[in-house]
Structures are given as structure tokens and as C-alpha cells.
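*Asks:* One file: query_31.txt (compact mmCIF, C-alpha atoms).
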# COMPACT_ATOMS: atom_id res chain seq x y z
CA MET A 376 -27.17 -16.64 -29.17
CA THR A 377 -24.19 -16.99 -31.47
CA GLU A 378 -20.58 -17.90 -30.74
CA ALA A 379 -19.55 -14.48 -32.05
CA ALA A 380 -21.78 -12.80 -29.46
CA VAL A 381 -20.11 -14.82 -26.69
CA TRP A 382 -16.64 -13.94 -27.99
CA ASP A 383 -17.66 -10.25 -28.05
CA ALA A 384 -18.88 -10.45 -24.46
CA LEU A 385 -15.69 -12.18 -23.30
CA ALA A 386 -13.61 -9.52 -25.07
CA GLU A 387 -15.22 -6.95 -22.73
CA ILE A 388 -13.87 -8.67 -19.59
CA PRO A 389 -10.66 -7.03 -18.34
CA ASP A 390 -7.83 -9.12 -16.96
CA PRO A 391 -8.23 -8.86 -13.17
CA GLU A 392 -4.56 -7.99 -12.60
CA ILE A 393 -3.72 -6.05 -15.78
CA PRO A 394 -7.07 -4.49 -16.70
CA VAL A 395 -5.72 -2.78 -19.84
CA ILE A 396 -6.14 -6.06 -21.71
CA SER A 397 -9.14 -8.38 -22.00
CA LEU A 398 -9.32 -12.11 -21.43
CA VAL A 399 -9.57 -12.59 -25.18
CA ASP A 400 -6.45 -10.42 -25.72
CA LEU A 401 -4.67 -12.55 -23.14
CA GLY A 402 -5.50 -15.71 -25.09
CA VAL A 403 -7.01 -17.66 -22.20
CA VAL A 404 -10.22 -18.48 -24.10
CA LYS A 405 -9.35 -21.48 -26.25
CA SER A 406 -12.78 -22.19 -27.67
CA VAL A 407 -16.45 -21.30 -27.43
CA ALA A 408 -19.21 -23.72 -28.39
CA VAL A 409 -22.91 -22.80 -28.31
CA GLU A 410 -25.61 -25.46 -28.31
CA ALA A 411 -29.08 -23.96 -27.76
CA GLU A 412 -28.77 -22.28 -24.30
CA ARG A 413 -25.62 -24.14 -23.29
CA VAL A 414 -22.33 -22.28 -23.76
CA ARG A 415 -19.17 -24.29 -23.30
CA ILE A 416 -15.93 -22.34 -22.87
CA GLU A 417 -12.49 -23.94 -22.84
CA PHE A 418 -10.40 -21.86 -20.45
CA THR A 419 -6.63 -22.32 -20.65
CA PRO A 420 -5.10 -20.67 -17.57
CA THR A 421 -1.92 -18.61 -17.55
CA PHE A 422 0.19 -19.48 -14.50
CA MET A 423 -1.20 -22.28 -12.33
CA GLY A 424 -0.73 -20.31 -9.13
CA CYS A 425 -2.27 -17.11 -10.50
CA PRO A 426 -4.82 -15.89 -7.95
CA ALA A 427 -6.80 -14.19 -10.75
CA LEU A 428 -7.90 -17.51 -12.29
CA ASP A 429 -10.98 -17.90 -10.10
CA ALA A 430 -12.01 -14.30 -10.82
CA MET A 431 -11.61 -14.85 -14.57
CA ARG A 432 -13.77 -17.94 -14.44
CA THR A 433 -16.50 -16.26 -12.40
CA GLN A 434 -16.59 -13.27 -14.75
CA MET A 435 -16.82 -15.47 -17.84
CA GLU A 436 -19.74 -17.34 -16.28
CA ALA A 437 -21.44 -14.05 -15.42
CA ALA A 438 -20.99 -12.74 -18.98
CA VAL A 439 -22.63 -15.85 -20.45
CA THR A 440 -25.47 -15.68 -17.92
CA ALA A 441 -26.05 -12.03 -18.85
CA LEU A 442 -26.52 -13.12 -22.49
CA GLY A 443 -29.15 -15.60 -21.32
CA GLY A 444 -26.95 -18.68 -21.64
CA GLU A 445 -26.00 -21.49 -19.28
CA PRO A 446 -22.24 -21.36 -18.86
CA GLU A 447 -19.96 -24.37 -18.61
CA VAL A 448 -16.33 -23.38 -18.18
CA ASP A 449 -13.83 -26.22 -18.62
CA VAL A 450 -10.42 -25.49 -17.12
CA LEU A 451 -7.65 -27.06 -19.20
CA LEU A 452 -4.71 -28.31 -17.15
CA ASP A 453 -2.32 -28.67 -20.06
CA ASP A 454 0.30 -26.74 -21.95
CA SER A 455 -2.15 -25.04 -24.32
CA TRP A 456 -1.66 -21.49 -23.02
CA SER A 457 1.47 -19.69 -24.03
CA THR A 458 2.40 -16.01 -24.08
CA ASP A 459 2.39 -16.50 -27.87
CA ARG A 460 -1.42 -16.54 -27.56
CA ILE A 461 -1.52 -12.87 -26.49
CA THR A 462 -3.00 -11.05 -29.49
CA PRO A 463 -1.08 -8.31 -31.38
CA ALA A 464 -3.63 -5.79 -30.05
CA GLY A 465 -3.07 -7.12 -26.54
CA ARG A 466 0.69 -6.75 -26.87
CA GLU A 467 0.29 -3.15 -27.98
CA LYS A 468 -2.00 -2.39 -25.03
CA LEU A 469 0.56 -3.90 -22.65
CA ARG A 470 3.34 -1.78 -24.09
CA GLU A 471 1.25 1.40 -23.79
CA ALA A 472 0.61 0.58 -20.12
CA GLY A 473 4.34 0.22 -19.41
CA PHE A 474 4.67 -3.58 -19.58
CA ALA A 475 7.19 -4.92 -22.09
CA PRO A 476 5.39 -7.69 -24.02
CA PRO A 477 6.85 -11.22 -23.92
CA ALA A 478 9.38 -12.49 -26.45
CA ALA A 479 8.21 -15.35 -28.68
CA ARG A 480 8.51 -18.89 -27.36
CA ALA A 481 11.86 -20.28 -28.49
CA GLU A 482 12.29 -23.66 -30.19
CA ALA A 483 15.03 -24.72 -27.78
CA ALA A 484 15.21 -24.03 -24.05
CA THR A 485 16.60 -20.60 -23.16
CA THR A 486 19.69 -20.42 -20.96
CA LEU A 487 20.32 -18.01 -18.10
CA LEU A 488 22.91 -16.20 -20.19
CA GLN A 489 20.46 -15.79 -23.09
CA LEU A 490 17.84 -14.43 -20.72
CA GLN A 491 20.31 -11.90 -19.35
CA LYS A 492 21.61 -10.91 -22.79
CA ALA A 493 18.26 -10.87 -24.61
CA VAL A 494 17.34 -7.49 -26.08
CA HIS A 495 14.14 -6.16 -24.56
CA ARG A 496 13.08 -2.67 -25.44
CA CYS A 497 12.06 -0.22 -22.76
CA PRO A 498 8.28 0.36 -23.08
CA TYR A 499 8.82 4.02 -22.07
CA CYS A 500 11.65 5.26 -24.33
CA GLY A 501 12.16 2.36 -26.76
CA SER A 502 15.85 1.95 -25.88
CA ALA A 503 17.37 -1.51 -26.16
CA GLU A 504 19.77 -0.65 -23.32
CA THR A 505 17.91 -2.55 -20.62
CA ARG A 506 19.03 -5.15 -18.13
CA LEU A 507 17.37 -7.99 -16.20
CA ASP A 508 17.10 -7.05 -12.52
CA ASN A 509 15.04 -9.99 -11.25
CA ILE A 510 13.59 -13.05 -12.99
CA PHE A 511 10.65 -12.70 -10.60
CA GLY A 512 8.34 -9.75 -10.15
CA PRO A 513 5.10 -8.65 -8.50
CA THR A 514 3.11 -11.48 -10.10
CA PRO A 515 4.24 -14.89 -11.45
CA CYS A 516 3.96 -13.71 -15.07
CA ARG A 517 6.40 -10.81 -14.84
CA SER A 518 10.15 -10.14 -14.50
CA LEU A 519 11.76 -6.85 -13.49
CA ARG A 520 14.04 -4.96 -15.88
CA TYR A 521 15.77 -1.59 -15.74
CA CYS A 522 16.31 0.83 -18.60
CA THR A 523 19.79 2.36 -18.38
CA SER A 524 18.85 5.02 -20.97
CA CYS A 525 15.83 6.64 -19.32
CA LYS A 526 16.56 5.19 -15.82
CA GLN A 527 13.10 3.67 -15.63
CA PRO A 528 12.45 0.28 -14.02
CA PHE A 529 9.77 -1.67 -15.88
CA GLU A 530 8.00 -5.00 -15.89
CA GLN A 531 8.61 -7.58 -18.57
CA PHE A 532 6.19 -10.41 -19.35
CA LYS A 533 7.94 -13.77 -18.95
CA THR A 534 7.81 -15.99 -22.02
CA ILE A 535 5.86 -19.13 -21.27
CA MET B 570 -5.60 -45.90 -4.26
CA THR B 571 -4.30 -46.31 -7.83
CA ALA B 572 -0.63 -45.84 -8.70
CA ARG B 573 -1.67 -42.78 -10.70
CA ALA B 574 -3.36 -41.08 -7.73
CA GLN B 575 -0.41 -42.00 -5.53
CA LEU B 576 2.02 -40.44 -8.02
CA LEU B 577 -0.06 -37.24 -8.24
CA ILE B 578 -0.33 -36.92 -4.47
CA GLU B 579 3.41 -37.44 -3.92
CA LEU B 580 4.20 -34.76 -6.47
CA ALA B 581 1.55 -32.40 -5.11
CA ASP B 582 2.68 -32.92 -1.50
CA ASP B 583 6.28 -32.11 -2.49
CA GLU B 584 5.22 -28.92 -4.26
CA LEU B 585 2.81 -27.81 -1.51
CA ILE B 586 5.29 -28.31 1.32
CA LEU B 587 8.25 -26.84 -0.55
CA GLY B 588 6.03 -23.88 -1.48
CA TRP B 589 5.18 -23.50 2.19
CA ARG B 590 8.84 -23.68 3.22
CA ASN B 591 9.85 -21.19 0.51
CA SER B 592 7.16 -18.80 1.69
CA GLU B 593 8.82 -18.74 5.10
CA TRP B 594 11.34 -16.34 3.50
CA THR B 595 8.62 -13.83 2.63
CA GLY B 596 9.56 -10.61 4.40
CA ILE B 597 12.89 -11.86 5.78
CA ALA B 598 15.00 -12.85 2.75
CA PRO B 599 18.54 -11.37 2.69
CA PHE B 600 17.49 -8.73 0.16
CA LEU B 601 14.36 -7.50 -1.52
CA GLU B 602 14.90 -9.25 -4.88
CA GLU B 603 15.07 -12.60 -3.10
CA ASP B 604 12.04 -11.80 -1.03
CA VAL B 605 10.15 -11.33 -4.30
CA ALA B 606 11.76 -14.39 -5.94
CA PHE B 607 11.13 -16.86 -3.12
CA SER B 608 7.57 -15.60 -2.65
CA SER B 609 6.87 -15.94 -6.37
CA ILE B 610 8.42 -19.41 -6.54
CA ALA B 611 6.33 -20.43 -3.52
CA GLN B 612 3.20 -19.18 -5.29
CA ASN B 613 4.04 -21.22 -8.38
CA GLU B 614 4.74 -24.39 -6.39
CA ILE B 615 1.46 -24.11 -4.51
CA GLY B 616 -0.31 -23.51 -7.83
CA HIS B 617 1.20 -26.73 -9.19
CA ALA B 618 0.12 -28.56 -6.05
CA ARG B 619 -3.44 -27.35 -6.52
CA ALA B 620 -3.61 -28.53 -10.14
CA LEU B 621 -2.07 -31.91 -9.26
CA TYR B 622 -4.47 -32.36 -6.32
CA ASP B 623 -7.35 -31.43 -8.68
CA LEU B 624 -6.43 -34.33 -10.99
CA ALA B 625 -6.05 -36.74 -8.07
CA ALA B 626 -9.29 -35.49 -6.49
CA ALA B 627 -11.27 -36.12 -9.70
CA GLU B 628 -10.16 -39.74 -9.48
CA LEU B 629 -10.72 -40.10 -5.73
CA GLY B 630 -14.08 -38.26 -5.57
CA THR B 631 -12.90 -35.43 -3.32
CA ASP B 632 -11.47 -31.93 -3.86
CA ALA B 633 -8.05 -30.28 -3.85
CA ASP B 634 -8.52 -28.48 -0.52
CA ALA B 635 -9.54 -31.69 1.23
CA LEU B 636 -6.40 -33.41 -0.04
CA ALA B 637 -4.19 -30.46 0.88
CA PHE B 638 -5.57 -29.77 4.34
CA ASP B 639 -7.82 -32.53 5.68
CA ARG B 640 -5.39 -35.41 5.90
CA LYS B 641 -3.63 -36.36 9.11
CA PRO B 642 0.08 -35.40 9.26
CA GLU B 643 1.16 -39.04 8.94
CA GLU B 644 -0.83 -39.39 5.68
CA TYR B 645 1.29 -36.90 3.71
CA ARG B 646 3.75 -38.42 1.24
CA CYS B 647 6.20 -35.53 0.75
CA ALA B 648 9.92 -36.23 0.46
CA PRO B 649 11.99 -35.49 3.60
CA LEU B 650 13.97 -32.86 1.63
CA VAL B 651 11.01 -30.48 1.40
CA GLN B 652 10.00 -30.93 5.03
CA LEU B 653 13.19 -29.41 6.47
CA ARG B 654 12.71 -26.01 8.05
CA LEU B 655 15.77 -24.09 6.84
CA VAL B 656 15.14 -20.43 7.73
CA PRO B 657 17.29 -18.48 8.54
CA ASP B 658 20.08 -20.49 6.85
CA TRP B 659 20.51 -19.11 3.34
CA ALA B 660 23.28 -21.52 2.25
CA ARG B 661 21.16 -24.58 3.06
CA THR B 662 18.10 -22.95 1.50
CA ILE B 663 19.95 -22.40 -1.78
CA ALA B 664 21.43 -25.92 -1.65
CA ARG B 665 17.91 -27.35 -1.30
CA HIS B 666 16.62 -25.05 -4.05
CA VAL B 667 19.33 -26.16 -6.51
CA LEU B 668 18.99 -29.86 -5.61
CA TYR B 669 15.20 -29.91 -5.61
CA GLU B 670 14.82 -28.06 -8.90
CA THR B 671 17.36 -30.37 -10.56
CA ALA B 672 15.58 -33.48 -9.26
CA ASP B 673 12.14 -32.09 -10.09
CA ALA B 674 13.20 -31.33 -13.69
CA ILE B 675 14.16 -34.99 -14.18
CA ARG B 676 10.80 -36.37 -13.04
CA ILE B 677 8.80 -33.67 -14.88
CA GLU B 678 10.67 -34.43 -18.12
CA ARG B 679 9.87 -38.11 -17.59
CA LEU B 680 6.20 -37.37 -16.88
CA GLN B 681 5.87 -35.35 -20.08
CA GLU B 682 6.46 -38.61 -21.95
CA HIS B 683 3.70 -40.42 -20.03
CA GLU B 684 1.08 -42.30 -22.06
CA ASP B 685 -1.67 -40.74 -19.93
CA ALA B 686 -2.39 -37.48 -21.81
CA GLU B 687 -3.58 -35.66 -18.67
CA LEU B 688 -0.37 -36.44 -16.80
CA ALA B 689 1.77 -35.52 -19.81
CA GLY B 690 -0.16 -32.27 -20.31
CA ILE B 691 0.05 -31.07 -16.71
CA ALA B 692 3.77 -31.97 -16.64
CA ALA B 693 4.40 -29.88 -19.75
CA LYS B 694 2.61 -26.91 -18.19
CA ILE B 695 4.47 -27.27 -14.87
CA GLY B 696 7.77 -27.62 -16.76
CA ARG B 697 7.28 -24.21 -18.43
CA GLU B 698 7.07 -22.50 -15.05
CA GLU B 699 9.76 -24.57 -13.35
CA PHE B 700 12.17 -23.46 -16.07
CA TYR B 701 12.37 -20.03 -14.39
CA HIS B 702 12.98 -21.63 -10.99
CA ARG B 703 15.94 -23.50 -12.47
CA LEU B 704 17.40 -20.35 -14.01
CA HIS B 705 17.14 -18.68 -10.61
CA ALA B 706 18.77 -21.67 -8.88
CA GLU B 707 21.51 -21.69 -11.51
CA MET B 708 22.23 -18.01 -10.87
CA TRP B 709 22.74 -18.77 -7.16
CA LEU B 710 24.80 -21.86 -7.89
CA GLU B 711 27.20 -19.67 -9.91
CA ARG B 712 27.48 -17.23 -7.01
CA LEU B 713 27.94 -19.77 -4.23
CA ALA B 714 29.96 -22.52 -5.94
CA GLY B 715 33.26 -22.80 -4.06
CA GLU B 716 31.88 -21.37 -0.79
CA ALA B 717 32.56 -23.72 2.13
CA ARG B 718 29.16 -23.27 3.78
CA TYR B 719 27.38 -23.98 0.53
CA ALA B 720 29.49 -27.10 -0.13
CA ALA B 721 28.73 -28.39 3.37
CA ALA B 722 25.00 -27.80 2.82
CA VAL B 723 25.02 -29.75 -0.46
CA GLU B 724 26.93 -32.58 1.24
CA GLU B 725 24.33 -32.70 4.02
CA LEU B 726 21.27 -32.53 1.73
CA TRP B 727 22.47 -34.82 -1.07
CA PRO B 728 20.96 -38.05 0.43
CA TYR B 729 17.68 -36.14 0.84
CA ALA B 730 17.75 -34.96 -2.78
CA LEU B 731 18.08 -38.55 -4.01
CA GLY B 732 15.00 -39.43 -1.95
CA VAL B 733 12.84 -37.07 -4.04
CA LEU B 734 13.11 -39.43 -7.03
CA GLU B 735 12.22 -43.03 -7.73
CA PRO B 736 15.37 -45.23 -7.62
CA GLU B 737 15.44 -45.60 -11.41
CA LEU B 738 15.76 -41.82 -11.88
CA ARG B 739 18.54 -41.32 -9.31
CA PRO B 740 21.49 -42.03 -11.63
CA ALA B 741 20.31 -39.15 -13.84
CA LEU B 742 20.32 -36.81 -10.81
CA ALA B 743 23.80 -37.96 -9.74
CA GLU B 744 25.04 -37.22 -13.25
CA ARG B 745 23.49 -33.74 -13.43
CA VAL B 746 24.71 -32.76 -9.97
CA GLY B 747 28.13 -34.38 -10.51
CA ARG B 748 28.08 -36.51 -7.36
CA SER B 749 28.03 -40.25 -6.65
CA GLU B 750 24.90 -41.98 -5.49
CA VAL B 751 24.71 -42.65 -1.76
CA GLU B 752 21.99 -44.17 0.38
CA ALA B 753 18.91 -41.97 -0.05
CA VAL B 754 16.70 -40.56 2.71
CA GLU B 755 13.49 -42.24 1.55
CA ARG B 756 9.89 -41.08 1.84
CA SER B 757 8.39 -42.27 5.11
CA GLU B 758 5.83 -41.15 7.65
CA PRO B 759 6.58 -37.45 8.29
CA GLY B 760 8.13 -36.53 11.64
CA GLU B 761 7.91 -33.72 14.20
CA GLU B 762 9.33 -30.98 11.97
CA PHE B 763 6.49 -31.65 9.53
CA ALA B 764 3.88 -31.88 12.29
CA ALA B 765 4.67 -28.29 13.36
CA LEU B 766 4.26 -27.09 9.77
CA TRP B 767 0.99 -29.02 9.44
CA GLU B 768 -0.37 -27.40 12.62
CA GLU B 769 0.21 -23.96 11.16
CA MET B 770 -0.79 -24.79 7.56
CA THR B 771 -4.14 -26.36 8.44
CA MET B 772 -5.05 -24.05 11.32
CA VAL B 773 -7.55 -21.88 9.41
CA ARG B 774 -9.16 -24.84 7.71
CA ARG B 775 -9.54 -26.72 10.99
CA SER B 776 -10.96 -23.71 12.83
CA ALA B 777 -13.58 -22.88 10.17
CA PRO B 778 -16.92 -24.65 10.27
CA VAL B 779 -17.58 -27.13 7.45
CA GLY B 780 -19.06 -25.32 4.46
CA ALA B 781 -17.77 -21.88 5.49
CA GLN B 782 -17.83 -19.42 2.60
CA TRP B 783 -15.00 -16.89 2.20
Could you quickly redo this structure as C-alpha cells?
*Replies:*
Amino acid sequence: MTEAAVWDALAEIPDPEIPVISLVDLGVVKSVAVEAERVRIEFTPTFMGCPALDAMRTQMEAAVTALGGEPEVDVLLDDSWSTDRITPAGREKLREAGFAPPAARAEAATTLLQLQKAVHRCPYCGSAETRLDNIFGPTPCRSLRYCTSCKQPFEQFKTI
Amino acid sequence: MTARAQLLIELADDELILGWRNSEWTGIAPFLEEDVAFSSIAQNEIGHARALYDLAAAELGTDADALAFDRKPEEYRCAPLVQLRLVPDWARTIARHVLYETADAIRIERLQEHEDAELAGIAAKIGREEFYHRLHAEMWLERLAGEARYAAAVEELWPYALGVLEPELRPALAERVGRSEVEAVERSEPGEEFAALWEEMTMVRRSAPVGAQW
């Protein structure tokens, strides 16, 4: 069993809440190390209160077991996950599914005014004429925006 | 118990109980956006509590659920500010939200500088999420500043807000809030208001047989 084979298997696992992207697209797999049968995965969770975390972990363990390995998933409780870890392919898949991908992590802390004024394109019509409706949305990782051009509400990934 | 475990449990208790109190708005907030916001903030706070309990549990040889649900009411260390049941008073709820998030930011910033890499790491992660809570609190502060009911609520809760922080961090809170330090309502054995919350919060856990699988 090679590390590449494990990465390929993990790339087949859909995100439990947004199944258009995989766990690898989402950037939650920080590293994979294979030593004989033992497969150690460093898992860097998205939001700490995300109810999908347990499902992600179970599915990663199942994927390794299916390859004939013994999984060991280490959950990292640090700042190593960021929305900047979402892959370019993952961002494109999000956009196609109607989720505006996150902006890049800024050097300095964002202010409320910047968040309200930031240009976020509508994933449906591409217009920049969108406004922030609610910082919070249906899951911790999303905000709600509204496109004043095509009148479509849409979900925006929060930058973390 | 080490000072480290004590610190983690105090923080986790604050986040768990505030998350619980915030979730009391689910379904009954003044409008739908706030229903979503308070529910989402509650979910984040409880997520932080779980991660903090996990770190404490690794040190104490137990698990996060046992720390969250198996202690007696008098063993919780949460600050009196988070114990208050404030539904259906929106002005006091927003006053607590603004004061708590401001106080919490100060201690999380401090913890990010901690020499213990695990504590610093978890604080940095929590800080990223709390940032959105502060923006939300700030939005409400702008709307309610100058309202008499809101001012009265801040006046009432200010001694409680100071009690969230260690004495050495209180001057920083007074400066950010723009008020003078007064005598704080300190952490102590939780009272009857907390006992009622505890009854409800631990009901499922207490009624399930040990080792029940969900």
C-alpha cells in the first residue's frame, strides 16, 4: 500500500454536508504516512462544532480498512485548517453547486464594514452586485448573501 | 487538578453553558436571521467546549462527555454571566453577547501566546471562529447603542462581565468597553438558575444506561 493509494481513496470520500467536494478538496487531510499496514492520517477539522467531523473520521477509517490497512486518524486541535486549504478544483466545484467560494485569508483582521463591502460574485450570474444578508447560515461554515442582479439568494463560504 | 486542566475546564464550562443559553433562542428569536445566528453561534460555542474538554480529559484520564455531563451542578466552574437565563429579553441577551465576546477575545488573544503549544493552537483555532461572533455583536451594538433598555442591561451585566476574566485581564476589558472597573461577580459554586439548566442539559445522559450506543 502506498501513500498515493491512500490519498486517492480519501479523494473519493464526499464531504458529508456538501457532497460535491471531497475531503481532499476540502483540505482536511493534512498528511498521510504509511508504515507497513499502519496508515496514519492527520485530520485537521474545519469548524470545531461541525457535526460532520465524526462522519468524516469514520469514513476515512473505513477507506483505509478497505485498502487492507490499519487506520490511525489523529485529530489536530490547532489552527492548521483554513479555507485557503480548499483546492482550486474544490473551489470550482463549490461555485458550480451554487456556493460562493471563500475569499483568501487576510493578513490583518477584517472589520464588519469590510465584510459588508467586500465584493463577492454571485455563483449563478457572476454579478458583483451582491450584499451580505446574514453572517450566519445553515451551517457554521457559511454566510447568506443576496444577488441584487439576478435576485438569487446564495450561500457564501466564510473565510477562516 | 493542575492549573492547566482547571483553566481548560473553566473555559469549556463558559462556552458550553453560554452555548446552551444561546440555543434557548432557537425557534423564538425576534426574526429569522437571528434565529439562525444565535443557533449557529451556540453550535460553535459547544464545539469549542468539546475540544477544550477533550484536551482536559486527555490529562485527567476521562472523556469530554463525562466532563460536560457527569459532574454535579456544584462542580461546574462557569462564570455567573453565562449562567443567567435571559430569554425572552433581547436587550439583555445582546448586552451579554457584546460583553462576553469582548471579554472572551481578550483571554483567547492571551492564550494564543501561551508557551504550551496545544493551548496556543486551540486558542488560535477558536479565535478564528469567535471573530464572526464579534462582528455579529458589533453589528447589534451599532443598532442598540443609545437605547435606554440596552444601556440599563449593560449597566446590570457589567460586574458579571468582569467576572469572566482573571483580575489581571480586567483593565483591558474596561478599556475596550469604555467603562470603569467595579467589583466583579466572581466565579463561585453555581446557584439555582444553573441547577435548572443542568437538570435539562444532563437529562438524556442521566436517563441512558452506561455504555448506551446511539
*Asks:* Pick out the closest residue to Gly501 in chain A from this set: A:Val381, A:Ala472, A:Ala411, A:Cys522. Count all atoms listed in the file.
*Replies:* A:Cys522
*Asks:* May I have the residues at most 10 Å from (-9.3, -12.2, -11.8) in the file's coordinates, counting all atoms listed in the file, as a PDB file with C-alpha atoms, in the frame of the given file?
*Replies:*
ATOM      1  CA  ILE A 388     -13.870  -8.670 -19.590  1.00  0.00           C
ATOM      2  CA  PRO A 389     -10.660  -7.030 -18.340  1.00  0.00           C
ATOM      3  CA  ASP A 390      -7.830  -9.120 -16.960  1.00  0.00           C
ATOM      4  CA  PRO A 391      -8.230  -8.860 -13.170  1.00  0.00           C
ATOM      5  CA  GLU A 392      -4.560  -7.990 -12.600  1.00  0.00           C
ATOM      6  CA  ILE A 393      -3.720  -6.050 -15.780  1.00  0.00           C
ATOM      7  CA  PRO A 394      -7.070  -4.490 -16.700  1.00  0.00           C
ATOM      8  CA  LEU A 398      -9.320 -12.110 -21.430  1.00  0.00           C
ATOM      9  CA  CYS A 425      -2.270 -17.110 -10.500  1.00  0.00           C
ATOM     10  CA  PRO A 426      -4.820 -15.890  -7.950  1.00  0.00           C
ATOM     11  CA  ALA A 427      -6.800 -14.190 -10.750  1.00  0.00           C
ATOM     12  CA  LEU A 428      -7.900 -17.510 -12.290  1.00  0.00           C
ATOM     13  CA  ASP A 429     -10.980 -17.900 -10.100  1.00  0.00           C
ATOM     14  CA  ALA A 430     -12.010 -14.300 -10.820  1.00  0.00           C
ATOM     15  CA  MET A 431     -11.610 -14.850 -14.570  1.00  0.00           C
ATOM     16  CA  ARG A 432     -13.770 -17.940 -14.440  1.00  0.00           C
ATOM     17  CA  THR A 433     -16.500 -16.260 -12.400  1.00  0.00           C
ATOM     18  CA  GLN A 434     -16.590 -13.270 -14.750  1.00  0.00           C
TER      19      GLN A 434
END
*Asks:* How many Å lie between CA of Tyr669 in chain B and CA of Leu653 in chain B, rounded to one decimal?
*Replies:*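 Separating CA of Tyr669 in chain B from CA of Leu653 in chain B is a distance of 12.3 Å.
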*Asks:* Determine, using all atoms listed in the file, which residues of chain A have any atom at most 12 Å from an atom of chain B, and tabulate each with its shortest atom pair and distance in Å to one decimal place, rows ordered by chain and then rising number, as CSV.
*Replies:*
residue,atom,partner,partner_atom,distance
A:Thr419,CA,B:Lys694,CA,10.6
A:Pro420,CA,B:Lys694,CA,9.9
A:Thr421,CA,B:Lys694,CA,9.5
A:Phe422,CA,B:Asn613,CA,7.4
A:Met423,CA,B:Gly616,CA,4.7
A:Gly424,CA,B:Gly616,CA,3.5
A:Cys425,CA,B:Gly616,CA,7.2
A:Pro426,CA,B:Gly616,CA,8.9
A:Ala427,CA,B:Gly616,CA,11.7
A:Leu428,CA,B:Gly616,CA,10.7
A:Val450,CA,B:Ala620,CA,10.2
A:Leu451,CA,B:Ile691,CA,9.0
A:Leu452,CA,B:Ile691,CA,5.5
A:Asp453,CA,B:Gly690,CA,4.2
A:Asp454,CA,B:Lys694,CA,4.4
A:Ser455,CA,B:Lys694,CA,8.0
A:Trp456,CA,B:Lys694,CA,8.4
A:Ser457,CA,B:Arg697,CA,9.2
A:Thr458,CA,B:Arg697,CA,11.1
A:Arg480,CA,B:Arg697,CA,10.5
A:Ala481,CA,B:Arg697,CA,11.7
A:Ala484,CA,B:Phe700,CA,8.6
A:Thr485,CA,B:Phe700,CA,8.8
A:Thr486,CA,B:Leu704,CA,7.3
A:Leu487,CA,B:Leu704,CA,5.5
A:Leu488,CA,B:Leu704,CA,9.3
A:Gln489,CA,B:Leu704,CA,10.6
A:Leu490,CA,B:Leu704,CA,9.0
A:Gln491,CA,B:Leu704,CA,10.4
A:Leu507,CA,B:Glu602,CA,11.7
A:Asp508,CA,B:Glu602,CA,8.2
A:Asn509,CA,B:Glu602,CA,6.4
A:Ile510,CA,B:His705,CA,7.1
A:Phe511,CA,B:Ala606,CA,5.1
A:Gly512,CA,B:Val605,CA,6.3
A:Pro513,CA,B:Val605,CA,7.1
A:Thr514,CA,B:Ser609,CA,6.9
A:Pro515,CA,B:Ser609,CA,5.8
A:Cys516,CA,B:Glu698,CA,9.3
A:Arg517,CA,B:Ser609,CA,9.9
A:Ser518,CA,B:Ala606,CA,9.7
A:Leu519,CA,B:Glu602,CA,9.5
A:Arg520,CA,B:Glu602,CA,11.8
A:Lys533,CA,B:Tyr701,CA,8.9
A:Thr534,CA,B:Arg697,CA,9.0
A:Ile535,CA,B:Arg697,CA,6.0
*Asks:* Could you please give me, as JSON, numbers by chain, the residues of protein, DNA or RNA lying at most 12 Å from (19.2, -38.8, -10.8) in the coordinate frame of the file, considering only C-alpha atoms?
*Replies:* {"B": [668, 669, 670, 671, 672, 673, 674, 675, 676, 679, 727, 728, 730, 731, 732, 733, 734, 735, 736, 737, 738, 739, 740, 741, 742, 743, 744, 745, 746, 747, 748, 749, 750, 751, 753]}
*Asks:* Could you tell me how far CA of Lys405 in chain A sits from CA of Glu471 in chain A, in Å to one decimal place?
*Replies:*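 Interatomic distance here is 25.3 Å.
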*Asks:* Give me, please, the distance in Å between CA of Glu769 in chain B and CA of Ile663 in chain B, quoted to one decimal.
*Replies:*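 We find that CA of Glu769 in chain B and CA of Ile663 in chain B lie 23.7 Å from each other.
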*Asks:* For Thr462 in chain A, find every residue with an atom within 12 Å (counting only C-alpha atoms), except residues of its own chain fewer than 3 positions away, and show them as a short mmCIF file (atom, residue, chain, number, x, y, z; two decimals) with C-alpha atoms, in the frame of the given file.
*Replies:*
data_model
loop_
_atom_site.label_atom_id
_atom_site.label_comp_id
_atom_site.auth_asym_id
_atom_site.auth_seq_id
_atom_site.Cartn_x
_atom_site.Cartn_y
_atom_site.Cartn_z
CA ALA A 386 -13.61 -9.52 -25.07
CA ILE A 396 -6.14 -6.06 -21.71
CA SER A 397 -9.14 -8.38 -22.00
CA LEU A 398 -9.32 -12.11 -21.43
CA VAL A 399 -9.57 -12.59 -25.18
CA ASP A 400 -6.45 -10.42 -25.72
CA LEU A 401 -4.67 -12.55 -23.14
CA GLY A 402 -5.50 -15.71 -25.09
CA VAL A 403 -7.01 -17.66 -22.20
CA VAL A 404 -10.22 -18.48 -24.10
CA SER A 457 1.47 -19.69 -24.03
CA THR A 458 2.40 -16.01 -24.08
CA ASP A 459 2.39 -16.50 -27.87
CA GLY A 465 -3.07 -7.12 -26.54
CA ARG A 466 0.69 -6.75 -26.87
CA GLU A 467 0.29 -3.15 -27.98
CA LYS A 468 -2.00 -2.39 -25.03
CA LEU A 469 0.56 -3.90 -22.65
CA PRO A 476 5.39 -7.69 -24.02
CA PRO A 477 6.85 -11.22 -23.92
#
*Asks:* Applying 8 Å and all atoms listed in the file, which residues near Ile586 in chain B remain after dropping the ones on its own chain fewer than 2 positions away? List them as number ranges by chain.
*Replies:* B: 582-584, 588-590, 647, 651-652
*Asks:* Between B:Glu644, B:Glu593, B:Glu579, B:Glu725, which one has atoms that come closest to Arg665 in chain B, using only C-alpha atoms?
*Replies:*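 That would be B:Glu725, the residue with the smallest distance to Arg665 in chain B.
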*Asks:* Find the spatial neighbours of Tyr499 in chain A, counting only C-alpha atoms, within a cut-off of 12 Å - ignore same-chain residues fewer than 5 positions away - and output them as a list in words.
*Replies:*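 Surrounding residues, per the criterion: Leu469, Arg470, Glu471, Ala472, Gly473, Phe474, Ala475, Glu504, Thr505, Tyr521, Cys522, Thr523, Ser524, Cys525, Lys526, Gln527, Pro528, Phe529 and Glu530 of chain A.
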*Asks:* Compile the contact shell of Arg573 in chain B as a list in words: residues with an atom at most 12 Å away, counting all atoms listed in the file, same-chain residues fewer than 2 positions apart removed.
*Replies:*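 After dropping sequence-adjacent residues, the list is Met570, Thr571, Gln575, Leu576, Leu577, Ile578, Glu579, Leu580, Leu621, Tyr622, Leu624, Ala625, Ala626, Ala627, Glu628, Leu629, Leu680, His683, Glu684, Asp685, Glu687 and Leu688 of chain B.
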*Asks:* Near Ala714 in chain B, within 12 Å and counting all atoms listed in the file, which residues show up once chain neighbours fewer than 6 positions away are dropped, as an MDAnalysis selection string?
*Replies:* chainID B and resid 660 663:664 667 706:708 720:723
